[in-house]
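**Q** Dropping in input25.txt, which is compact mmCIF, C-alpha atoms:
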```
# COMPACT_ATOMS: atom_id res chain seq x y z
CA MET E 1 15.74 -31.55 2.60
CA ILE E 2 17.11 -28.91 4.94
CA GLN E 3 19.51 -27.74 2.24
CA ASP E 4 16.65 -27.51 -0.27
CA PHE E 5 14.59 -25.57 2.27
CA ILE E 6 17.41 -23.08 2.87
CA ARG E 7 18.08 -22.77 -0.86
CA ASP E 8 14.42 -22.06 -1.61
CA ILE E 9 14.25 -19.48 1.20
CA ILE E 10 17.11 -17.65 -0.47
CA GLU E 11 15.66 -18.07 -3.97
CA TYR E 12 11.93 -17.46 -3.49
CA THR E 13 10.74 -14.13 -2.11
CA PHE E 14 7.35 -15.41 -0.92
CA LEU E 15 8.97 -18.17 1.17
CA ARG E 16 11.51 -15.76 2.60
CA ASN E 17 8.75 -13.33 3.53
CA ALA E 18 6.79 -16.17 5.12
CA ILE E 19 9.65 -17.44 7.31
CA PHE E 20 10.59 -13.92 8.43
CA ALA E 21 6.94 -13.15 9.19
CA ALA E 22 6.50 -16.41 11.11
CA ILE E 23 9.53 -15.65 13.30
CA LEU E 24 8.45 -12.05 13.93
CA VAL E 25 4.87 -13.10 14.70
CA SER E 26 6.17 -15.71 17.14
CA ALA E 27 8.34 -13.18 18.93
CA LEU E 28 5.52 -10.62 19.10
CA THR E 29 2.83 -12.99 20.37
CA GLY E 30 5.34 -14.73 22.63
CA LEU E 31 5.97 -11.44 24.43
CA PHE E 32 2.30 -10.76 25.14
CA SER E 33 1.55 -14.43 25.75
CA SER E 34 3.00 -14.29 29.26
CA VAL E 35 0.76 -11.40 30.28
CA VAL E 36 -2.28 -13.04 28.66
CA VAL E 37 -1.81 -16.28 30.59
CA LEU E 38 -0.85 -14.73 33.94
CA ARG E 39 -3.79 -12.30 33.77
CA LYS E 40 -6.11 -15.10 32.56
CA ILE E 41 -7.39 -12.98 29.67
CA GLU E 42 -7.12 -15.63 26.95
CA PHE E 43 -10.67 -14.85 25.83
CA ILE E 44 -9.59 -11.32 24.87
CA GLY E 45 -7.07 -12.69 22.37
CA ASP E 46 -9.71 -14.97 20.90
CA GLY E 47 -12.22 -12.12 20.78
CA ALA E 48 -9.75 -9.75 19.11
CA ALA E 49 -8.97 -12.41 16.50
CA HIS E 50 -12.61 -12.88 15.54
CA VAL E 51 -13.42 -9.18 15.71
CA THR E 52 -10.78 -8.49 13.05
CA PHE E 53 -13.01 -10.32 10.56
CA GLY E 54 -15.43 -7.38 10.71
CA GLY E 55 -12.62 -4.92 10.02
CA ILE E 56 -11.33 -7.00 7.13
CA ALA E 57 -14.82 -7.21 5.58
CA PHE E 58 -15.41 -3.46 5.84
CA GLY E 59 -11.94 -2.81 4.42
CA LEU E 60 -12.83 -4.91 1.38
CA LEU E 61 -16.21 -3.20 1.06
CA LEU E 62 -14.70 0.30 1.21
CA GLY E 63 -11.82 -0.62 -1.08
CA THR E 64 -9.16 0.29 1.50
CA ASP E 65 -6.31 -1.71 3.03
CA TYR E 66 -8.22 -4.41 4.89
CA ILE E 67 -5.35 -5.13 7.30
CA PHE E 68 -5.33 -1.45 8.28
CA MET E 69 -9.08 -1.60 8.86
CA ALA E 70 -8.62 -4.79 10.89
CA ALA E 71 -6.04 -3.00 13.05
CA ILE E 72 -8.45 -0.10 13.70
CA THR E 73 -11.23 -2.56 14.54
CA ALA E 74 -8.98 -4.49 16.93
CA VAL E 75 -7.88 -1.33 18.75
CA VAL E 76 -11.50 -0.12 19.04
CA PHE E 77 -12.40 -3.56 20.40
CA ALA E 78 -9.64 -3.41 23.02
CA VAL E 79 -10.64 0.09 24.15
CA ALA E 80 -14.35 -0.86 24.21
CA VAL E 81 -13.69 -3.97 26.33
CA SER E 82 -11.64 -1.95 28.79
CA TYR E 83 -14.19 0.89 28.93
CA PHE E 84 -17.25 -1.29 29.49
CA THR E 85 -15.53 -3.51 32.07
CA ARG E 86 -13.95 -0.72 34.11
CA LYS E 87 -16.60 2.00 33.85
CA ASN E 88 -19.70 -0.19 34.00
CA LYS E 89 -18.34 -3.08 36.10
CA LEU E 90 -19.25 -5.70 33.51
CA SER E 91 -17.20 -8.88 33.17
CA GLU E 92 -14.73 -9.03 30.28
CA SER E 93 -16.23 -12.33 29.13
CA SER E 94 -19.70 -10.77 28.90
CA VAL E 95 -18.50 -7.76 26.90
CA ILE E 96 -16.44 -9.92 24.55
CA GLY E 97 -19.36 -12.31 24.19
CA MET E 98 -21.43 -9.39 22.90
CA LEU E 99 -18.84 -7.65 20.70
CA LEU E 100 -17.53 -10.83 19.06
CA PRO E 101 -20.77 -11.99 17.38
CA LEU E 102 -21.66 -8.35 16.61
CA SER E 103 -18.44 -7.83 14.66
CA MET E 104 -18.69 -11.20 12.92
CA SER E 105 -22.30 -10.49 11.92
CA LEU E 106 -21.45 -7.03 10.57
CA GLY E 107 -18.50 -8.57 8.72
CA VAL E 108 -20.65 -11.21 7.04
CA ILE E 109 -23.18 -8.53 5.97
CA ALA E 110 -20.41 -6.25 4.67
CA LEU E 111 -18.78 -9.13 2.78
CA SER E 112 -22.09 -9.91 1.06
CA PHE E 113 -22.02 -6.42 -0.53
CA VAL E 114 -18.45 -6.73 -1.82
CA LYS E 115 -18.38 -6.88 -5.61
CA GLY E 116 -15.71 -8.47 -7.75
CA TYR E 117 -12.55 -10.13 -6.46
CA THR E 118 -12.16 -10.82 -2.75
CA PRO E 119 -9.15 -12.41 -1.03
CA ASP E 120 -9.26 -16.07 -0.08
CA VAL E 121 -11.56 -16.13 2.97
CA MET E 122 -10.27 -19.55 4.04
CA GLY E 123 -6.77 -18.06 3.97
CA LEU E 124 -7.92 -15.34 6.35
CA PHE E 125 -9.37 -17.92 8.73
CA PHE E 126 -6.44 -20.38 8.67
CA GLY E 127 -3.55 -18.34 7.29
CA ASN E 128 -1.89 -18.29 3.88
CA ILE E 129 1.83 -17.70 3.32
CA LEU E 130 1.13 -16.47 -0.21
CA MET E 131 -0.61 -13.44 1.36
CA VAL E 132 2.54 -12.28 3.17
CA THR E 133 4.25 -9.31 1.52
CA PRO E 134 7.50 -7.40 2.26
CA ASP E 135 5.34 -4.60 3.70
CA ASP E 136 3.85 -7.11 6.15
CA VAL E 137 7.35 -8.12 7.24
CA TRP E 138 8.33 -4.49 7.83
CA MET E 139 5.09 -3.88 9.74
CA LEU E 140 5.81 -6.90 11.95
CA LEU E 141 9.38 -5.73 12.54
CA ILE E 142 8.14 -2.31 13.68
CA ALA E 143 5.51 -3.97 15.89
CA ASP E 144 8.17 -6.23 17.44
CA ILE E 145 10.46 -3.30 18.17
CA ALA E 146 7.59 -1.32 19.73
CA ALA E 147 6.60 -4.32 21.88
CA ILE E 148 10.20 -4.89 23.03
CA VAL E 149 10.53 -1.21 23.99
CA PHE E 150 7.19 -1.35 25.84
CA PHE E 151 8.25 -4.44 27.82
CA ALA E 152 11.73 -3.05 28.51
CA VAL E 153 10.53 0.35 29.73
CA PHE E 154 7.57 -0.95 31.76
CA HIS E 155 8.98 -4.31 32.88
CA ARG E 156 8.36 -3.65 36.60
CA GLU E 157 4.87 -2.31 35.97
CA LEU E 158 3.97 -5.27 33.74
CA LEU E 159 5.28 -7.67 36.39
CA TYR E 160 3.00 -6.24 39.09
CA TYR E 161 0.06 -5.88 36.69
CA SER E 162 0.38 -9.47 35.47
CA TYR E 163 0.35 -11.06 38.91
CA ASP E 164 -1.87 -8.77 40.97
CA GLU E 165 -3.60 -5.60 39.76
CA GLY E 166 -4.50 -4.57 43.30
CA MET E 167 -0.87 -4.79 44.38
CA ALA E 168 0.14 -2.87 41.26
CA LYS E 169 -2.15 0.01 42.27
CA HIS E 170 -0.70 -0.08 45.80
CA PHE E 171 2.83 0.38 44.45
CA GLY E 172 1.78 3.30 42.26
CA VAL E 173 1.70 1.50 38.93
CA PRO E 174 -0.38 3.38 36.30
CA VAL E 175 -2.68 0.40 35.92
CA GLY E 176 -5.05 2.10 33.47
CA PHE E 177 -2.23 2.98 31.06
CA ILE E 178 -0.65 -0.49 31.32
CA HIS E 179 -4.04 -2.15 30.88
CA TYR E 180 -4.85 -0.20 27.72
CA GLY E 181 -1.31 -0.71 26.42
CA VAL E 182 -1.51 -4.48 26.91
CA LEU E 183 -4.96 -4.80 25.32
CA ILE E 184 -3.97 -2.69 22.31
CA GLY E 185 -0.72 -4.65 22.01
CA ILE E 186 -2.60 -7.95 22.09
CA SER E 187 -5.08 -6.72 19.48
CA LEU E 188 -2.36 -5.50 17.13
CA SER E 189 -0.45 -8.75 17.64
CA VAL E 190 -3.56 -10.62 16.53
CA VAL E 191 -3.93 -8.47 13.42
CA SER E 192 -0.24 -8.92 12.57
CA SER E 193 -0.60 -12.69 12.89
CA VAL E 194 -3.68 -13.13 10.70
CA LYS E 195 -1.85 -13.86 7.45
CA ILE E 196 0.36 -16.51 9.05
CA ALA E 197 -1.95 -18.20 11.56
CA GLY E 198 -5.38 -17.02 10.46
CA ILE E 199 -8.24 -15.65 12.55
CA ILE E 200 -9.16 -19.03 14.05
CA LEU E 201 -5.68 -20.25 15.00
CA VAL E 202 -4.00 -17.06 16.19
CA THR E 203 -5.20 -17.55 19.79
CA ALA E 204 -2.85 -20.53 20.04
CA PHE E 205 0.10 -18.18 19.45
CA LEU E 206 -1.04 -16.03 22.39
CA VAL E 207 -1.72 -18.87 24.81
CA ILE E 208 0.33 -22.04 24.26
CA PRO E 209 3.87 -20.54 24.51
CA ALA E 210 3.23 -18.96 27.92
CA VAL E 211 1.33 -21.98 29.25
CA THR E 212 4.35 -24.10 28.32
CA SER E 213 6.97 -21.70 29.68
CA LYS E 214 5.04 -21.27 32.92
CA LEU E 215 5.73 -24.95 33.68
CA VAL E 216 9.48 -24.36 33.90
CA ALA E 217 10.07 -20.61 34.31
CA ARG E 218 11.16 -19.29 37.69
CA SER E 219 10.56 -15.60 37.03
CA PHE E 220 8.51 -13.27 34.85
CA ARG E 221 11.57 -12.42 32.76
CA SER E 222 12.49 -16.08 32.18
CA MET E 223 8.87 -16.86 31.36
CA ILE E 224 8.94 -14.25 28.57
CA VAL E 225 12.29 -15.47 27.21
CA ILE E 226 11.21 -19.13 27.19
CA SER E 227 7.83 -18.25 25.70
CA VAL E 228 9.37 -16.29 22.82
CA SER E 229 12.05 -18.95 22.23
CA MET E 230 9.54 -21.81 22.10
CA ALA E 231 7.27 -19.85 19.76
CA VAL E 232 10.13 -19.10 17.37
CA VAL E 233 11.39 -22.69 17.40
CA ALA E 234 7.88 -24.03 16.75
CA SER E 235 7.44 -21.59 13.86
CA VAL E 236 10.72 -22.50 12.16
CA ILE E 237 10.11 -26.25 12.54
CA GLY E 238 6.49 -25.82 11.47
CA MET E 239 7.49 -23.89 8.36
CA PHE E 240 10.01 -26.60 7.47
CA ILE E 241 7.49 -29.45 7.93
CA SER E 242 4.85 -27.57 5.93
CA TYR E 243 7.44 -27.04 3.17
CA VAL E 244 8.44 -30.71 3.06
CA PHE E 245 4.91 -32.14 3.16
CA ASP E 246 3.16 -29.28 1.34
CA MET E 247 0.84 -28.45 4.23
CA PRO E 248 -0.56 -25.08 5.44
CA PRO E 249 2.03 -23.60 7.84
CA GLY E 250 -0.37 -21.98 10.33
CA PRO E 251 -2.00 -25.23 11.53
CA VAL E 252 1.36 -27.05 11.49
CA ILE E 253 2.94 -24.36 13.69
CA VAL E 254 0.03 -24.64 16.14
CA ILE E 255 0.58 -28.42 16.30
CA MET E 256 4.30 -27.83 16.96
CA LEU E 257 3.42 -25.43 19.79
CA PHE E 258 1.18 -28.06 21.37
CA LEU E 259 3.84 -30.76 20.95
CA GLU E 260 6.28 -28.49 22.79
CA PHE E 261 3.75 -28.27 25.60
CA LEU E 262 3.36 -32.06 25.74
CA MET E 263 7.14 -32.58 25.70
CA THR E 264 7.67 -30.03 28.46
CA ILE E 265 4.99 -31.42 30.74
CA SER E 266 6.22 -34.98 30.09
CA MET E 267 9.84 -34.10 30.86
CA LYS E 268 8.76 -32.27 34.01
CA GLY E 269 6.77 -35.30 35.13
CA LEU E 270 9.71 -37.60 34.38
CA ILE E 271 12.10 -35.43 36.41
CA ARG E 272 9.66 -35.35 39.32
CA GLY E 273 9.35 -39.15 39.16
CA ARG E 274 13.12 -39.56 39.55
CA MET E 275 13.42 -37.14 42.46
```
Written as C-alpha cells, that's how I'd like the structure from this file.
**A**
Amino acid sequence: MIQDFIRDIIEYTFLRNAIFAAILVSALTGLFSSVVVLRKIEFIGDGAAHVTFGGIAFGLLLGTDYIFMAAITAVVFAVAVSYFTRKNKLSESSVIGMLLPLSMSLGVIALSFVKGYTPDVMGLFFGNILMVTPDDVWMLLIADIAAIVFFAVFHRELLYYSYDEGMAKHFGVPVGFIHYGVLIGISLSVVSSVKIAGIILVTAFLVIPAVTSKLVARSFRSMIVISVSMAVVASVIGMFISYVFDMPPGPVIVIMLFLEFLMTISMKGLIRGRM
C-alpha cells in the first residue's frame, strides 16, 4: 500500500499538491500553535476560521478570488480584534463573539445572491484535496518562509510575549508590533489551511500540536520544533490513511493529531509511574 501511495503521489498532480499542501499547512500552523497555546488565544484561531466564510462568500459574489478575499477578511478581523481589545479595553472573547456571527451572517446573505456555479460549501467547511492547486502550494510555501523568518528574527520577542506580555514590555519588546504580527500570521495560517482542513477543523491544527508538545518540551524553541514535527507526521499519516480507506483527509489528520496527544500523555503518565 505504501508503494502504491508513493507511486500515485508521483503520478497524480492533485495528490501531489495535496500532500505538499498538508505538510506546508502543518509546518505553518505548528509554528503559530505554540504562541496560540501559551498566550491562551485559541478562540482567536477559531474566530478567524469562521470569519473567513464571510470573505469567501463575498469573493464568490463579486466574482474575484475567494481565497484572496478570505485573506483580506482574516487580516481585517485580526486588526479589529486587536484594536477593540487594546483601545477600548474589551475582552478578546467578547469582540470575537460579536465579529464571528456578524461575518457568518453576512456570508450567508452574500452566498444567497450568488448566481450559477459555486464551489462545494461542504468542502470549504471540512476541506477537500481536489480544491488544492499548484498556486495554493506556492502560496503556502511563501507563507511558511515568511513565518520562519518572522520567528527567527523575533524569537526573543516572541518568547517574552508568549509567556508574559507585561515582562515583554519591561524588557523593551515592541509588544504592539509582535501582537499584530502574531494575529495576522494566525489569520493567514487559517486561510491557507482552509482547503486542507476546512473552516470547522482548522482550529485543531492551531491548538493540538502545541498542547501535545507542551507536555514534553523544556523550552520555547523545543516546543516549536516538536509542535511542527508532530503536525507534519500527523498530516503525512493522515493523508496515507485517507488514501487507503478513501476518507476525507482533513478530519483524518485531526484524528491523528488527537491520537498523538493521547499517546504523548499516556507515555508521560507511564514514565511517571515507573519513577
**Q** Show me as a PyMOL selection string the residues that reach within 12 Å of (9.1, -12.1, 3.6), counting all atoms listed in the file and using the file's own coordinates.
**A** chain E and resi 9-25+129-141+195-196
**Q** Any idea what's packed within 12 Å of Ser187 in chain E, counting all atoms listed in the file, ignoring anything in its chain fewer than 6 positions away? Could you give it as an MDAnalysis selection string?
**A** chainID E and resid 28:29 32:33 36 42:52 70:81 143 180:181 193:194 199 202:203 206
**Q** Between E:Leu61, E:Met239, E:Met223, E:Leu257, which one has atoms that come closest to Ser112 in chain E, using all atoms listed in the file?
**A**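 The shortest atom-to-atom distance to Ser112 in chain E comes from E:Leu61.
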**Q** Write out as a PyMOL selection string which residues come within 7 Å of range 105-108 of chain E when counting all atoms listed in the file, dropping same-chain ones fewer than 6 positions away.
**A** chain E and resi 53-54+57-58
**Q** List as a tab-separated table (two decimals) with C-alpha atoms, in the frame of the given file the protein and nucleic acid residues near Val252 in chain E, meaning an atom at most 8 Å away when all atoms listed in the file are counted, but skip any in the same chain fewer than 3 places from it.
**A**
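Saved to result-v4.tsv:
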```tsv
chain	number	residue	atom	x	y	z
E	238	GLY	CA	6.49	-25.82	11.47
E	239	MET	CA	7.49	-23.89	8.36
E	241	ILE	CA	7.49	-29.45	7.93
E	242	SER	CA	4.85	-27.57	5.93
E	247	MET	CA	0.84	-28.45	4.23
E	248	PRO	CA	-0.56	-25.08	5.44
E	249	PRO	CA	2.03	-23.60	7.84
E	255	ILE	CA	0.58	-28.42	16.30
E	256	MET	CA	4.30	-27.83	16.96
```
**Q** May I ask for the distance between CA of Lys268 in chain E and CA of Met230 in chain E, given in Å to one decimal place?
**A**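 CA of Met230 in chain E lies at a distance of 15.9 Å from CA of Lys268 in chain E.
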**Q** In terms of the shortest atom-to-atom distance over only C-alpha atoms, which of E:Ser94, E:Ser192, E:Gln3, E:Ser26 is closest to Ile226 in chain E?
**A**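 Using only C-alpha atoms, Ile226 in chain E sits closest to E:Ser26.
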**Q** Which one of E:Ser162, E:Gly55, E:Phe113, E:Met263 sits closest to Leu100 in chain E if you count all atoms listed in the file?
**A** E:Gly55
**Q** With all atoms listed in the file counted, which protein, DNA or RNA residues have an atom no more than 6 Å from (-2.2, -21.0, 13.3) in the file frame? Please answer as a ChimeraX atom specification.
**A** /E:197-198,201-202,250-251,254
**Q** Kindly export the residues of the current selection with C-alpha atoms, as a PDB file, in the coordinates of the input.
**A**
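Now in again.pdb:
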```
ATOM      1  CA  ALA E 197      -1.950 -18.200  11.560  1.00  0.00           C
ATOM      2  CA  GLY E 198      -5.380 -17.020  10.460  1.00  0.00           C
ATOM      3  CA  LEU E 201      -5.680 -20.250  15.000  1.00  0.00           C
ATOM      4  CA  VAL E 202      -4.000 -17.060  16.190  1.00  0.00           C
ATOM      5  CA  GLY E 250      -0.370 -21.980  10.330  1.00  0.00           C
ATOM      6  CA  PRO E 251      -2.000 -25.230  11.530  1.00  0.00           C
ATOM      7  CA  VAL E 254       0.030 -24.640  16.140  1.00  0.00           C
TER       8      VAL E 254
END
```
**Q** Tell me, in Å to one decimal, how far CA of Ala152 in chain E is from CA of Gly172 in chain E.
**A**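 CA of Gly172 in chain E lies 18.1 Å from CA of Ala152 in chain E.
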